[in-house]
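File shown here: model_17.cif, holding mmCIF, C-alpha atoms and all ligand atoms.
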```
data_entry
loop_
_atom_site.label_atom_id
_atom_site.label_comp_id
_atom_site.auth_asym_id
_atom_site.auth_seq_id
_atom_site.Cartn_x
_atom_site.Cartn_y
_atom_site.Cartn_z
CA MET A 1 15.65 7.87 -14.91
CA LEU A 2 12.26 6.46 -13.97
CA HIS A 3 11.83 8.79 -10.98
CA LYS A 4 13.58 12.01 -9.98
CA ASN A 5 15.17 10.54 -6.84
CA LEU A 6 17.22 8.13 -8.99
CA GLY A 7 20.41 8.94 -10.86
CA VAL A 8 23.79 7.70 -12.09
CA ASN A 9 27.05 8.99 -10.59
CA GLU A 10 30.49 9.49 -12.11
CA MET A 11 31.38 5.86 -11.32
CA GLY A 12 28.47 4.72 -13.47
CA HIS A 13 26.64 3.52 -10.35
CA LEU A 14 22.92 3.88 -9.72
CA THR A 15 22.08 6.40 -7.00
CA ILE A 16 18.98 6.94 -4.87
CA ALA A 17 18.59 10.30 -3.12
CA GLY A 18 22.23 10.87 -4.14
CA ALA A 19 23.51 7.74 -2.35
CA ASP A 20 25.65 5.26 -4.29
CA THR A 21 23.74 1.95 -4.33
CA VAL A 22 26.87 -0.12 -4.93
CA GLU A 23 28.45 1.40 -1.81
CA LEU A 24 25.26 0.70 0.16
CA ALA A 25 25.30 -2.92 -1.03
CA LYS A 26 28.92 -3.20 0.11
CA GLU A 27 28.20 -1.64 3.49
CA TYR A 28 24.99 -3.48 4.39
CA GLY A 29 25.11 -6.63 2.23
CA THR A 30 22.39 -7.88 -0.13
CA PRO A 31 19.54 -8.35 -0.68
CA LEU A 32 18.98 -4.86 0.58
CA MET A 33 16.01 -2.54 0.40
CA VAL A 34 16.86 1.15 0.31
CA MET A 35 14.29 3.80 1.14
CA ASP A 36 14.46 7.48 0.32
CA GLU A 37 12.83 9.11 3.36
CA GLU A 38 12.38 12.49 1.70
CA ARG A 39 10.43 10.83 -1.10
CA ILE A 40 7.95 9.27 1.34
CA ARG A 41 7.51 12.62 3.08
CA ARG A 42 7.10 14.38 -0.25
CA ASN A 43 4.42 11.91 -1.37
CA ILE A 44 2.56 12.27 1.93
CA ARG A 45 2.65 16.07 1.70
CA ILE A 46 1.36 16.05 -1.87
CA TYR A 47 -1.70 14.08 -0.77
CA LYS A 48 -2.17 16.04 2.42
CA ASP A 49 -1.92 19.47 0.82
CA ALA A 50 -4.00 18.58 -2.24
CA MET A 51 -6.76 16.96 -0.20
CA GLU A 52 -7.06 19.90 2.13
CA ARG A 53 -6.94 22.38 -0.72
CA TYR A 54 -9.38 20.68 -3.08
CA PHE A 55 -11.74 18.78 -0.77
CA GLY A 56 -11.65 21.39 1.96
CA LYS A 57 -10.44 21.56 5.53
CA GLY A 58 -10.85 18.35 7.49
CA SER A 59 -10.21 16.08 4.49
CA TYR A 60 -6.99 14.10 4.73
CA PRO A 61 -5.12 10.96 3.66
CA LEU A 62 -4.37 7.84 5.63
CA ILE A 63 -1.36 5.77 4.71
CA ALA A 64 -2.41 2.19 3.93
CA SER A 65 -0.33 0.07 6.30
CA LYS A 66 -0.47 -3.05 4.22
CA ALA A 67 1.80 -1.51 1.57
CA PHE A 68 4.71 -1.33 4.04
CA SER A 69 4.11 -1.72 7.75
CA CYS A 70 7.07 -1.14 10.06
CA LYS A 71 7.80 1.17 12.99
CA TYR A 72 9.80 3.56 10.85
CA ILE A 73 6.91 4.19 8.45
CA TYR A 74 4.56 4.85 11.38
CA ARG A 75 7.06 7.30 12.89
CA VAL A 76 7.23 9.16 9.59
CA ALA A 77 3.41 9.11 9.34
CA SER A 78 3.21 10.44 12.89
CA GLU A 79 5.68 13.26 12.21
CA GLU A 80 3.81 14.18 9.03
CA LYS A 81 0.55 14.16 11.03
CA ILE A 82 -1.46 11.84 8.82
CA GLY A 83 -3.65 8.92 9.76
CA ILE A 84 -3.18 5.25 8.98
CA ASP A 85 -5.34 2.35 7.96
CA LEU A 86 -4.81 -1.05 9.52
CA VAL A 87 -5.89 -4.54 8.61
CA SER A 88 -4.69 -6.65 11.49
CA SER A 89 -3.72 -6.65 15.14
CA GLY A 90 -0.13 -7.13 14.00
CA GLU A 91 -0.16 -3.86 12.09
CA LEU A 92 -1.90 -2.21 15.04
CA TYR A 93 0.73 -3.55 17.44
CA THR A 94 3.50 -2.22 15.20
CA ALA A 95 1.88 1.22 15.05
CA VAL A 96 1.37 1.31 18.83
CA SER A 97 4.98 0.17 19.36
CA ALA A 98 6.14 3.07 17.20
CA GLY A 99 4.21 5.49 19.42
CA PHE A 100 1.61 6.25 16.74
CA ASP A 101 -1.60 7.79 18.09
CA VAL A 102 -4.10 5.22 16.84
CA SER A 103 -7.10 7.38 17.60
CA ASN A 104 -6.24 8.56 14.10
CA SER A 105 -6.51 5.10 12.54
CA PHE A 106 -9.10 3.05 10.69
CA LEU A 107 -9.27 -0.71 11.19
CA HIS A 108 -10.21 -2.72 8.09
CA GLY A 109 -10.44 -6.42 7.45
CA ASN A 110 -13.14 -8.73 6.15
CA ASN A 111 -12.78 -11.01 9.15
CA LYS A 112 -11.90 -9.21 12.33
CA THR A 113 -11.50 -11.85 14.99
CA ASP A 114 -12.74 -11.33 18.54
CA ALA A 115 -9.09 -10.89 19.52
CA ASP A 116 -8.66 -8.16 16.86
CA ILE A 117 -11.79 -6.33 18.03
CA GLU A 118 -10.78 -6.59 21.68
CA TYR A 119 -7.25 -5.34 21.05
CA ALA A 120 -8.45 -2.48 18.84
CA LEU A 121 -10.97 -1.39 21.50
CA GLU A 122 -8.24 -1.50 24.14
CA CYS A 123 -5.88 0.56 21.99
CA GLY A 124 -8.56 3.10 21.15
CA VAL A 125 -8.57 2.71 17.38
CA GLY A 126 -10.46 5.71 15.99
CA HIS A 127 -12.74 3.99 13.52
CA PHE A 128 -13.60 0.42 12.65
CA VAL A 129 -14.46 -0.06 8.99
CA VAL A 130 -17.14 -2.70 9.29
CA ASP A 131 -17.28 -5.33 6.60
CA ASN A 132 -20.43 -7.32 7.41
CA MET A 133 -23.43 -7.75 9.71
CA THR A 134 -21.93 -10.41 11.97
CA GLU A 135 -19.08 -8.08 12.71
CA LEU A 136 -21.47 -5.21 13.47
CA ASP A 137 -23.06 -7.32 16.17
CA ARG A 138 -19.76 -8.40 17.63
CA ILE A 139 -18.35 -4.87 17.77
CA ASP A 140 -21.51 -3.56 19.39
CA ASP A 141 -21.39 -6.32 22.05
CA MET A 142 -17.72 -5.91 22.77
CA ALA A 143 -17.89 -2.09 22.82
CA ARG A 144 -20.69 -2.41 25.40
CA GLU A 145 -18.40 -4.52 27.59
CA HIS A 146 -15.86 -1.69 27.33
CA GLY A 147 -18.52 0.86 28.17
CA ALA A 148 -17.70 2.52 24.86
CA VAL A 149 -19.50 3.82 21.82
CA GLN A 150 -17.29 2.82 18.91
CA PRO A 151 -17.27 5.06 15.81
CA ILE A 152 -17.49 3.05 12.59
CA LEU A 153 -17.75 3.36 8.84
CA LEU A 154 -19.51 0.73 6.78
CA ARG A 155 -17.52 -0.68 3.90
CA LEU A 156 -19.75 -0.73 0.82
CA THR A 157 -19.22 -2.21 -2.63
CA PRO A 158 -20.44 0.35 -5.12
CA GLY A 159 -20.22 -2.15 -8.01
CA ILE A 160 -17.19 -0.79 -9.87
CA ASP A 161 -14.69 -2.80 -11.89
CA PRO A 162 -11.61 -0.69 -12.62
CA HIS A 163 -10.19 -3.36 -14.98
CA THR A 164 -6.86 -3.92 -13.30
CA HIS A 165 -5.67 -7.38 -12.25
CA ALA A 166 -8.50 -9.51 -10.82
CA ALA A 167 -6.60 -10.11 -7.58
CA ILE A 168 -6.39 -6.39 -6.87
CA THR A 169 -9.97 -5.47 -7.83
CA THR A 170 -12.19 -5.07 -4.79
CA GLY A 171 -15.21 -2.89 -5.55
CA LYS A 172 -17.36 -5.34 -7.52
CA VAL A 173 -20.65 -6.60 -6.10
CA ASP A 174 -19.33 -10.16 -5.77
CA SER A 175 -16.20 -9.07 -3.88
CA LYS A 176 -15.26 -10.76 -0.62
CA PHE A 177 -15.04 -7.26 0.84
CA GLY A 178 -17.86 -5.06 2.06
CA ILE A 179 -21.60 -4.88 1.71
CA ALA A 180 -23.32 -4.46 -1.64
CA ILE A 181 -25.49 -1.43 -2.33
CA GLU A 182 -27.14 -3.09 -5.32
CA THR A 183 -28.59 -6.03 -3.36
CA GLY A 184 -30.22 -3.91 -0.67
CA GLN A 185 -27.89 -5.36 1.97
CA ALA A 186 -26.29 -1.96 2.56
CA ASP A 187 -29.69 -0.52 3.55
CA GLU A 188 -30.18 -3.31 6.04
CA ALA A 189 -26.71 -2.77 7.50
CA VAL A 190 -27.23 0.99 7.87
CA LYS A 191 -30.52 0.55 9.69
CA TYR A 192 -29.02 -2.13 11.88
CA ALA A 193 -25.96 -0.01 12.70
CA LEU A 194 -28.17 2.98 13.57
CA SER A 195 -30.18 0.79 15.94
CA LYS A 196 -27.09 -0.27 17.89
CA LYS A 197 -26.35 1.64 21.07
CA ASN A 198 -22.62 1.02 21.27
CA ILE A 199 -21.88 1.87 17.67
CA ARG A 200 -21.81 5.29 16.08
CA LEU A 201 -22.14 5.22 12.31
CA ASP A 202 -20.01 8.08 10.96
CA GLY A 203 -20.13 7.27 7.27
CA PHE A 204 -19.03 5.01 4.48
CA HIS A 205 -15.99 3.51 2.88
CA CYS A 206 -15.24 2.00 -0.49
CA HIS A 207 -12.03 0.83 -2.11
CA ILE A 208 -12.23 -0.17 -5.74
CA GLY A 209 -8.82 -1.65 -6.49
CA SER A 210 -5.17 -0.82 -6.96
CA GLN A 211 -2.68 0.47 -9.55
CA ILE A 212 -5.40 2.53 -11.29
CA PHE A 213 -4.23 5.38 -13.56
CA ASP A 214 -7.62 6.65 -14.69
CA ILE A 215 -9.70 9.01 -12.56
CA LYS A 216 -12.97 7.74 -14.00
CA PRO A 217 -13.42 4.65 -11.78
CA PHE A 218 -12.78 6.81 -8.69
CA CYS A 219 -15.34 9.38 -9.84
CA ASP A 220 -17.83 6.64 -10.72
CA ALA A 221 -17.42 5.05 -7.31
CA ALA A 222 -17.78 8.42 -5.57
CA ARG A 223 -20.89 9.23 -7.61
CA LEU A 224 -22.52 5.93 -6.61
CA MET A 225 -21.60 6.45 -2.97
CA ILE A 226 -23.03 9.98 -3.02
CA LYS A 227 -26.17 8.75 -4.77
CA TYR A 228 -26.49 6.19 -2.02
CA MET A 229 -26.01 8.84 0.65
CA VAL A 230 -28.78 10.88 -0.97
CA SER A 231 -31.11 7.88 -0.89
CA LEU A 232 -30.43 7.45 2.83
CA ARG A 233 -31.09 11.09 3.58
CA ASP A 234 -34.34 10.97 1.63
CA GLY A 235 -35.35 7.53 2.91
CA ILE A 236 -34.47 7.58 6.60
CA GLY A 237 -33.04 11.03 7.21
CA TYR A 238 -29.51 9.75 7.89
CA GLU A 239 -26.63 12.01 6.86
CA ALA A 240 -23.04 10.74 6.88
CA ASP A 241 -20.08 12.81 8.08
CA ILE A 242 -17.30 10.84 6.41
CA LEU A 243 -16.80 9.44 2.94
CA ASN A 244 -13.64 7.35 2.70
CA LEU A 245 -12.75 6.58 -0.92
CA GLY A 246 -9.96 4.08 -0.25
CA GLY A 247 -6.64 3.91 -2.05
CA GLY A 248 -5.60 2.65 -5.43
CA ILE A 249 -3.96 5.41 -7.47
CA GLY A 250 -1.30 3.97 -9.80
CA VAL A 251 2.47 4.27 -9.66
CA LYS A 252 4.97 4.32 -12.50
CA TYR A 253 6.94 1.06 -12.38
CA ILE A 254 8.20 1.07 -15.97
CA GLU A 255 8.93 3.70 -18.63
CA SER A 256 5.75 2.97 -20.62
CA GLN A 257 3.51 3.84 -17.64
CA PRO A 258 2.50 7.44 -16.99
CA GLU A 259 3.99 9.50 -14.17
CA VAL A 260 0.95 10.44 -12.10
CA ASP A 261 0.69 14.02 -10.89
CA TYR A 262 -1.11 13.17 -7.64
CA ALA A 263 -2.05 16.76 -6.85
CA ALA A 264 -3.63 17.20 -10.29
CA PHE A 265 -5.35 13.81 -9.96
CA ILE A 266 -6.89 14.82 -6.64
CA GLU A 267 -7.84 18.24 -7.99
CA LYS A 268 -9.76 16.64 -10.86
CA MET A 269 -11.42 14.09 -8.62
CA ALA A 270 -12.38 16.84 -6.19
CA GLU A 271 -13.86 19.01 -8.93
CA TYR A 272 -16.15 16.17 -9.90
CA ILE A 273 -16.98 15.01 -6.39
CA ASN A 274 -17.55 18.50 -4.98
CA ALA A 275 -19.96 19.22 -7.84
CA GLU A 276 -21.83 15.95 -7.19
CA VAL A 277 -22.09 16.75 -3.48
CA ALA A 278 -23.26 20.31 -4.17
CA SER A 279 -25.92 19.29 -6.67
CA SER A 280 -27.19 16.49 -4.42
CA GLY A 281 -27.69 18.88 -1.54
CA ILE A 282 -26.31 16.46 1.07
CA LYS A 283 -24.17 17.70 3.92
CA ARG A 284 -20.60 18.00 2.65
CA PRO A 285 -18.72 14.96 4.01
CA VAL A 286 -15.10 14.90 5.11
CA ILE A 287 -13.24 13.05 2.35
CA ILE A 288 -10.61 10.51 3.32
CA MET A 289 -8.29 8.63 0.98
CA GLU A 290 -6.04 5.69 1.78
CA PRO A 291 -3.03 5.69 -0.53
CA GLY A 292 -0.54 2.90 0.08
CA ARG A 293 1.37 2.18 -3.08
CA SER A 294 1.54 5.80 -4.22
CA ILE A 295 3.11 6.89 -0.91
CA VAL A 296 5.78 4.23 -0.48
CA ALA A 297 6.43 2.45 -3.80
CA ASP A 298 8.72 4.91 -5.55
CA SER A 299 10.64 5.72 -2.38
CA CYS A 300 12.38 2.36 -2.46
CA LEU A 301 14.53 0.01 -4.51
CA THR A 302 15.97 -3.43 -3.87
CA LEU A 303 19.61 -4.38 -4.43
CA TYR A 304 20.80 -7.90 -5.13
CA THR A 305 24.15 -9.48 -5.89
CA VAL A 306 24.32 -11.38 -9.16
CA GLY A 307 25.30 -15.04 -8.85
CA GLY A 308 25.80 -15.58 -12.57
CA THR A 309 24.05 -16.08 -15.88
CA LYS A 310 22.74 -19.16 -17.61
CA GLU A 311 22.39 -19.07 -21.38
CA ILE A 312 20.23 -21.69 -23.05
CA PRO A 313 20.98 -21.26 -26.78
CA GLY A 314 17.85 -20.85 -28.87
CA PHE A 315 15.72 -20.43 -25.73
CA LYS A 316 16.48 -17.86 -23.09
CA ASN A 317 19.01 -16.38 -20.74
CA TYR A 318 18.77 -16.22 -16.98
CA VAL A 319 20.51 -14.01 -14.49
CA SER A 320 20.34 -15.30 -10.94
CA ILE A 321 20.21 -13.07 -7.89
CA ASP A 322 20.57 -13.63 -4.15
CA GLY A 323 16.92 -12.85 -3.40
CA GLY A 324 13.65 -13.41 -5.24
CA MET A 325 10.07 -14.28 -4.34
CA PRO A 326 10.73 -14.34 -0.58
CA ASP A 327 11.45 -10.58 -0.66
CA ASN A 328 9.37 -9.72 -3.73
CA PRO A 329 6.55 -12.15 -4.57
CA ARG A 330 4.72 -9.74 -6.88
CA TYR A 331 5.86 -11.10 -10.23
CA ALA A 332 5.08 -14.63 -9.11
CA LEU A 333 1.65 -13.50 -7.85
CA TYR A 334 0.50 -11.05 -10.52
CA GLN A 335 3.19 -10.77 -13.19
CA SER A 336 3.85 -7.26 -11.95
CA ASP A 337 5.98 -4.92 -14.04
CA TYR A 338 9.34 -3.80 -12.70
CA THR A 339 12.29 -1.88 -14.05
CA VAL A 340 15.52 -3.78 -13.51
CA CYS A 341 18.98 -2.32 -14.00
CA LEU A 342 22.58 -3.25 -13.41
CA ALA A 343 23.37 -0.78 -10.65
CA SER A 344 27.11 -1.37 -10.85
CA ARG A 345 27.41 -0.63 -14.59
CA MET A 346 24.67 1.81 -15.52
CA ASN A 347 26.46 3.37 -18.49
CA GLU A 348 27.20 0.15 -20.36
CA LYS A 349 25.20 -1.09 -23.30
CA ALA A 350 22.17 -3.13 -22.26
CA ASP A 351 22.17 -5.85 -24.91
CA PHE A 352 21.75 -9.02 -22.85
CA VAL A 353 18.07 -9.95 -22.79
CA CYS A 354 17.31 -12.14 -19.82
CA THR A 355 14.95 -13.39 -17.16
CA VAL A 356 15.82 -12.33 -13.63
CA ALA A 357 15.46 -15.42 -11.45
CA GLY A 358 15.44 -15.71 -7.68
CA ARG A 359 17.18 -18.39 -5.68
CA CYS A 360 14.20 -20.41 -4.51
CA CYS A 361 13.49 -23.98 -5.44
CA GLU A 362 10.54 -22.91 -7.58
CA SER A 363 10.41 -22.25 -11.37
CA GLY A 364 7.96 -19.42 -10.79
CA ASP A 365 10.47 -17.59 -8.62
CA LEU A 366 11.12 -14.82 -11.12
CA ILE A 367 11.40 -11.08 -10.62
CA GLN A 368 10.95 -10.06 -14.24
CA GLU A 369 11.27 -11.46 -17.77
CA ASN A 370 12.61 -9.93 -20.99
CA VAL A 371 14.91 -7.49 -19.27
CA ALA A 372 17.80 -5.93 -21.20
CA LEU A 373 20.99 -5.48 -19.15
CA PRO A 374 24.70 -5.21 -19.79
CA LYS A 375 25.66 -8.89 -19.51
CA PRO A 376 25.93 -9.35 -15.72
CA VAL A 377 28.79 -11.21 -14.09
CA ARG A 378 29.01 -12.74 -10.65
CA GLY A 379 29.34 -9.97 -8.09
CA ASP A 380 27.54 -7.27 -10.07
CA ILE A 381 24.85 -5.38 -8.18
CA LEU A 382 21.40 -5.60 -9.73
CA ALA A 383 18.65 -3.16 -8.76
CA VAL A 384 14.89 -3.58 -8.97
CA LEU A 385 13.23 -0.18 -8.82
CA VAL A 386 10.01 0.98 -7.16
CA THR A 387 9.80 -1.81 -4.59
CA GLY A 388 8.48 0.13 -1.58
CA ALA A 389 4.94 -1.22 -1.77
CA TYR A 390 3.86 -4.82 -1.22
CA ASN A 391 7.40 -6.19 -1.19
CA TYR A 392 8.67 -6.24 2.38
CA SER A 393 5.09 -6.38 3.65
CA MET A 394 4.49 -9.53 1.56
CA ALA A 395 7.90 -11.03 2.23
CA SER A 396 8.21 -14.59 3.50
CA ASN A 397 10.87 -16.98 4.71
CA TYR A 398 10.28 -19.46 1.90
CA ASN A 399 13.21 -21.87 1.66
CA ARG A 400 14.23 -20.48 5.05
CA ILE A 401 15.70 -17.41 3.47
CA PRO A 402 16.02 -14.56 5.97
CA ARG A 403 14.18 -11.35 5.12
CA PRO A 404 16.47 -8.57 3.83
CA ALA A 405 17.56 -5.51 5.73
CA VAL A 406 15.89 -2.16 5.00
CA VAL A 407 17.95 0.99 5.19
CA ALA A 408 16.85 4.57 4.75
CA VAL A 409 18.88 7.31 3.12
CA LYS A 410 18.43 10.85 4.25
CA ASP A 411 20.61 13.99 4.12
CA ASN A 412 23.56 12.07 2.63
CA SER A 413 23.63 9.43 5.31
CA SER A 414 22.09 5.99 5.66
CA PHE A 415 20.76 4.06 8.63
CA THR A 416 19.06 0.73 9.25
CA VAL A 417 15.31 0.81 9.73
CA ILE A 418 14.71 -2.95 9.70
CA LYS A 419 17.57 -5.29 10.58
CA ARG A 420 18.40 -8.20 8.34
CA GLU A 421 16.92 -11.41 9.71
CA THR A 422 19.39 -13.89 11.11
CA PHE A 423 19.39 -17.68 11.09
CA GLU A 424 18.51 -17.52 14.80
CA ASP A 425 15.44 -15.48 13.85
CA LEU A 426 14.44 -18.27 11.49
CA VAL A 427 14.36 -20.91 14.21
CA ARG A 428 13.06 -18.61 16.96
CA ASN A 429 9.70 -20.36 17.17
CA ASP A 430 10.82 -23.86 16.30
CA VAL A 431 10.43 -26.15 19.28
C1 LIG B 1 -5.05 -2.02 -0.42
C2 LIG B 1 -5.92 -1.01 0.17
C3 LIG B 1 -5.52 0.33 0.17
C4 LIG B 1 -4.27 0.82 -0.49
O1 LIG B 1 -4.27 0.61 -1.87
P1 LIG B 1 -3.07 1.21 -2.78
O2 LIG B 1 -3.37 0.66 -4.12
O3 LIG B 1 -1.82 0.67 -2.22
O4 LIG B 1 -3.15 2.68 -2.72
C5 LIG B 1 -6.34 1.24 0.80
N1 LIG B 1 -7.49 0.86 1.39
C6 LIG B 1 -7.89 -0.42 1.44
C7 LIG B 1 -9.14 -0.78 2.12
C8 LIG B 1 -7.13 -1.39 0.82
O5 LIG B 1 -7.54 -2.67 0.85
#
```

Output the file's structure as structure tokens, nothing else.
Amino acid sequence: MLHKNLGVNEMGHLTIAGADTVELAKEYGTPLMVMDEERIRRNIRIYKDAMERYFGKGSYPLIASKAFSCKYIYRVASEEKIGIDLVSSGELYTAVSAGFDVSNSFLHGNNKTDADIEYALECGVGHFVVDNMTELDRIDDMAREHGAVQPILLRLTPGIDPHTHAAITTGKVDSKFGIAIETGQADEAVKYALSKKNIRLDGFHCHIGSQIFDIKPFCDAARLMIKYMVSLRDGIGYEADILNLGGGIGVKYIESQPEVDYAAFIEKMAEYINAEVASSGIKRPVIIMEPGRSIVADSCLTLYTVGGTKEIPGFKNYVSIDGGMPDNPRYALYQSDYTVCLASRMNEKADFVCTVAGRCCESGDLIQENVALPKPVRGDILAVLVTGAYNYSMASNYNRIPRPAVVAVKDNSSFTVIKRETFEDLVRNDV
């Protein structure tokens, strides 16, 4: 199977962490997202251990909230003692509600509103990752009103294009995120930040993109950031304590993609980065990374009930499912790859080539095309694998479809971590 936590049991049913997915679908209904808690913990520990070992004590990962923000994830993050990154007051509220200690959090966002800044100051968010000059001013003013000195990082764009999908590339000079080094604007921002009394500049952040399998773009970005840190030391005598390299390491969604050994990936990155730091002579910064996808994606799958098939002779075949773009908009957004299987009949010959279509009133509501399955019939359970990242967190109520339930499996039992939305939930705010 695609990942080690998946299998097929004696009934020919797909399993995750040993649990029968067809039984789970029967018990909880569909669409249903199933998370393997041990897998999330394992992924966190791989990052945590490798970062401490290879970058040195003090270096650690944050889990990127935007991949899957819910109380349960923050409780797991809290128990595993890692930090989090946040992009909105909503994510911050969720983390606080889960009892997460947000002094160990970093607040991102290219447009933090006054309300966001106020709420984050009240909650005691550890670091703001500042995106632009206007925001610097606002944070300084508002921190002064709180009688606080707010630690920040500056988000810089090192000018790296990792050649993934344009919508998930973020490190280029013309990005909407961050401040460019190349244009001299970063220099201005650093000097400005250092002149502010209610801001403490602790270092720098960059994030170059997502679903990247190659270590080169990460090393290139780190090299440019270190080079920039050297220029600041030499120019104005400023030395940063923290270098946050963002997230973005790839995940295996389909057989043809590589299985990333995250510990080895970090070891290789660290070898390169540690050597760059040593030869530059700058103070060794604490390294932070912000994996989202590579922590949560492969811990999860989504189960649907098949409604039926539609064969259009000479053209194509469709299989329709009881979910779609409201719970997983990624194919509609970026033609993302997914592995699809017929969870209820895993051992049968997969000779029916089809497009998996959602139930929305929208031709683009597809989950995947050119999928080979045993010909599904109404009532079969269909599984889409590796859906932990950017599925639930991007879910909508399009066509007034309630969001699915999320259950976790752990030690041979299952429990709800997010309840299925009800029709009452859908009209909750309608006046
Ligand atoms: C999206 C994002 C991440 C997480 O990226 P993954 O590809 O999910 O690892 C981390 N940091 C920032 C700033 C991001 O925008």

Residues of chain A that have any atom at most 8 Å from an atom of ligand LIG 1 (chain B): could you tabulate them with the shortest-distance atom pair and the distance in Å to one decimal, using all atoms listed in the file, ordered by chain and increasing number, as a Markdown table?
```
| residue | atom | partner | partner_atom | distance |
| --- | --- | --- | --- | --- |
| A:Ile63 | CA | B:LIG1 | C4 | 7.7 |
| A:Ala64 | CA | B:LIG1 | C4 | 5.0 |
| A:Ser65 | CA | B:LIG1 | C4 | 7.9 |
| A:Lys66 | CA | B:LIG1 | C1 | 6.6 |
| A:Ala67 | CA | B:LIG1 | O3 | 5.7 |
| A:Asp85 | CA | B:LIG1 | N1 | 7.1 |
| A:His108 | CA | B:LIG1 | C7 | 6.4 |
| A:Gly109 | CA | B:LIG1 | C7 | 7.9 |
| A:Ile168 | CA | B:LIG1 | C1 | 7.9 |
| A:Thr170 | CA | B:LIG1 | O5 | 7.7 |
| A:Cys206 | CA | B:LIG1 | C7 | 7.2 |
| A:His207 | CA | B:LIG1 | C7 | 5.4 |
| A:Gly209 | CA | B:LIG1 | O2 | 6.4 |
| A:Ser210 | CA | B:LIG1 | O2 | 3.7 |
| A:Gln211 | CA | B:LIG1 | O2 | 5.5 |
| A:Ile212 | CA | B:LIG1 | O2 | 7.7 |
| A:Gly246 | CA | B:LIG1 | N1 | 4.4 |
| A:Gly247 | CA | B:LIG1 | O4 | 3.8 |
| A:Gly248 | CA | B:LIG1 | O2 | 3.3 |
| A:Ile249 | CA | B:LIG1 | O4 | 5.5 |
| A:Gly250 | CA | B:LIG1 | O2 | 6.9 |
| A:Met289 | CA | B:LIG1 | C5 | 7.6 |
| A:Glu290 | CA | B:LIG1 | C5 | 4.6 |
| A:Pro291 | CA | B:LIG1 | O4 | 3.7 |
| A:Gly292 | CA | B:LIG1 | O3 | 3.4 |
| A:Arg293 | CA | B:LIG1 | O3 | 3.6 |
| A:Ser294 | CA | B:LIG1 | O4 | 5.8 |
| A:Ile295 | CA | B:LIG1 | O4 | 7.8 |
| A:Ala389 | CA | B:LIG1 | O3 | 7.0 |
| A:Tyr390 | CA | B:LIG1 | O3 | 8.0 |
```

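Here atom CA of Ala297 of chain A and atom CA of Val251 of chain A stand 7.3 Å from one another.
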
**OP:** Write out as an MDAnalysis selection string which residues come within 9 Å of Ala17 of chain A when counting only C-alpha atoms, dropping same-chain ones fewer than 2 positions away.
**Re:** chainID A and resid 4:7 15 19:20 35:39 409:412

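Remark: residues at most 9 Å from position (2.7, -5.6, -8.0) in file coordinates are Gln211, Asn328, Pro329, Arg330, Tyr331, Leu333, Tyr334, Gln335, Ser336, Asp337, Tyr338, Thr387, Ala389, Tyr390 and Asn391 of chain A, using all atoms listed in the file.
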
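Near Asp137 of chain A, within 10 Å and counting only C-alpha atoms, sit Asn132, Met133, Thr134, Glu135, Ile139, Asp140, Asp141, Met142, Ala143, Tyr192, Ala193, Lys196, Asn198 and Ile199 of chain A, not including residues fewer than 2 positions from it in the same chain.
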
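Atom pair atom CA of His127 of chain A / atom CA of Phe106 of chain A: separated by 4.7 Å.
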
Original post:
If you count only C-alpha atoms, which residues fall within 9 Å of segment 375-378 of chain A, apart from same-chain ones fewer than 5 positions away, as a PyMOL selection string?
Top reply: chain A and resi 305-309+319+342+345+349-354

Subject >> Residue neighbourhood Ser280 of chain A, 7 Å, all atoms listed in the file, exclusion window fewer than 3 positions, as a ChimeraX atom specification >> reply: /A:230,276-277

Subject >> Shell around Val406 of chain A at 9 Å using only C-alpha atoms, local window under 6 positions removed, as a list in words >> reply: Leu32, Met33, Val34, Met35, Thr302, Tyr392, Phe415, Thr416, Val417, Ile418, Lys419 and Arg420 of chain A
